[in-house]
Amino acid sequence: MQTRTFTYRFQDLPLIVDGLFEDNGVDGEAEVSYSTDGSWLITAIGVQIARPKTTEELQQTGRTGSRVYQTHWLAKSSPLYAILLHRLENDKRRGVQRDIDDQIEQDREWAHACIADHSRDLRKHEAA
């Protein structure tokens, strides 16, 4: 069975959940390997971090905004990786599965469109 990769984006994923308390959470993305049968495995997790713009970046952008947001990919040995992995595989499992199911459907539609295009091209070539 062929494995593909999908990027699952998350927002405000809490790091701490303790009874009625949840922190503000983090934004980021997870790389997910999935199969057409719907099974999946998270292979990487990145969090959005903000850094100040350099002087050059401020000059290039006309000084709009003072921060740049980028994804920082976590080491699998990081405690933060383990926390986020747990949240994604448990608390957000339905959301991840729904997005994977949607991606599998898109993959099927794309494959059918490619087959139809190829068949049409073959018929044109045979007719010529």
# chains A, B, ... in the order shown; residues from 1 in each chain; ligands from 1
call {"tool": "closest_atom_pairs", "arguments": {"of": "range 9-57 of chain A", "to": "range 90-99 of chain A", "cutoff": "9 Å", "atoms": "only C-alpha atoms", "output": "CSV"}}
result
residue,atom,partner,partner_atom,distance
A:Leu13,CA,A:Lys92,CA,8.8
A:Val32,CA,A:Val96,CA,9.0
A:Gly38,CA,A:Gln97,CA,7.6
A:Ser39,CA,A:Gln97,CA,8.5
A:Trp40,CA,A:Gln97,CA,8.1
call {"tool": "write_last_selection", "arguments": {"atoms": "C-alpha atoms", "output": "CSV table (one decimal), in the first residue's frame"}}
result
chain,number,residue,atom,x,y,z
A,13,LEU,CA,-3.2,23.3,20.7
A,32,VAL,CA,1.5,12.9,8.7
A,38,GLY,CA,-7.0,5.7,6.4
A,39,SER,CA,-4.2,4.6,8.8
A,40,TRP,CA,-1.7,7.4,9.7
call {"tool": "residues_around", "arguments": {"residues": "Arg67 in chain A", "least_positions_apart": "3", "cutoff": "7 Å", "atoms": "only C-alpha atoms", "output": "ChimeraX atom specification"}}
result
/A:50-53
call {"tool": "atom_distance", "arguments": {"atom1": "CA of Tyr69 in chain A", "atom2": "CA of Ile104 in chain A"}}
result
29.6 Å
call {"tool": "closest_residue", "arguments": {"among": "A:Ser66, A:Ser78, A:Gln59, A:Thr71", "to": "Asp27 in chain A", "atoms": "only C-alpha atoms"}}
result
A:Thr71
call {"tool": "closest_atom_pairs", "arguments": {"of": "range 2-76 of chain A", "to": "range 81-85 of chain A", "cutoff": "10 Å", "atoms": "only C-alpha atoms", "output": "JSON lines"}}
result
{"residue": "A:Leu13", "atom": "CA", "partner": "A:Leu84", "partner_atom": "CA", "distance": 7.7}
{"residue": "A:Pro14", "atom": "CA", "partner": "A:Leu84", "partner_atom": "CA", "distance": 8.2}
{"residue": "A:Leu15", "atom": "CA", "partner": "A:Ile83", "partner_atom": "CA", "distance": 6.5}
{"residue": "A:Ile16", "atom": "CA", "partner": "A:Ile83", "partner_atom": "CA", "distance": 8.6}
{"residue": "A:Gly25", "atom": "CA", "partner": "A:Leu84", "partner_atom": "CA", "distance": 9.9}
{"residue": "A:Val26", "atom": "CA", "partner": "A:Leu84", "partner_atom": "CA", "distance": 9.2}
{"residue": "A:Gly28", "atom": "CA", "partner": "A:Leu84", "partner_atom": "CA", "distance": 9.9}
{"residue": "A:Ala30", "atom": "CA", "partner": "A:Leu85", "partner_atom": "CA", "distance": 8.9}
{"residue": "A:Ile42", "atom": "CA", "partner": "A:Leu85", "partner_atom": "CA", "distance": 7.6}
{"residue": "A:Thr43", "atom": "CA", "partner": "A:Leu85", "partner_atom": "CA", "distance": 9.6}
{"residue": "A:Ala44", "atom": "CA", "partner": "A:Tyr81", "partner_atom": "CA", "distance": 8.6}
{"residue": "A:Ile45", "atom": "CA", "partner": "A:Tyr81", "partner_atom": "CA", "distance": 6.7}
{"residue": "A:Gly46", "atom": "CA", "partner": "A:Tyr81", "partner_atom": "CA", "distance": 8.5}
{"residue": "A:Val47", "atom": "CA", "partner": "A:Tyr81", "partner_atom": "CA", "distance": 9.5}
{"residue": "A:Trp73", "atom": "CA", "partner": "A:Tyr81", "partner_atom": "CA", "distance": 9.2}
{"residue": "A:Leu74", "atom": "CA", "partner": "A:Tyr81", "partner_atom": "CA", "distance": 6.1}
{"residue": "A:Ala75", "atom": "CA", "partner": "A:Tyr81", "partner_atom": "CA", "distance": 6.8}
{"residue": "A:Lys76", "atom": "CA", "partner": "A:Tyr81", "partner_atom": "CA", "distance": 5.8}
call {"tool": "closest_residue", "arguments": {"among": "A:Gln48, A:Thr36, A:Thr61, A:Gln2", "to": "Gln103 in chain A", "atoms": "only C-alpha atoms"}}
result
A:Thr36
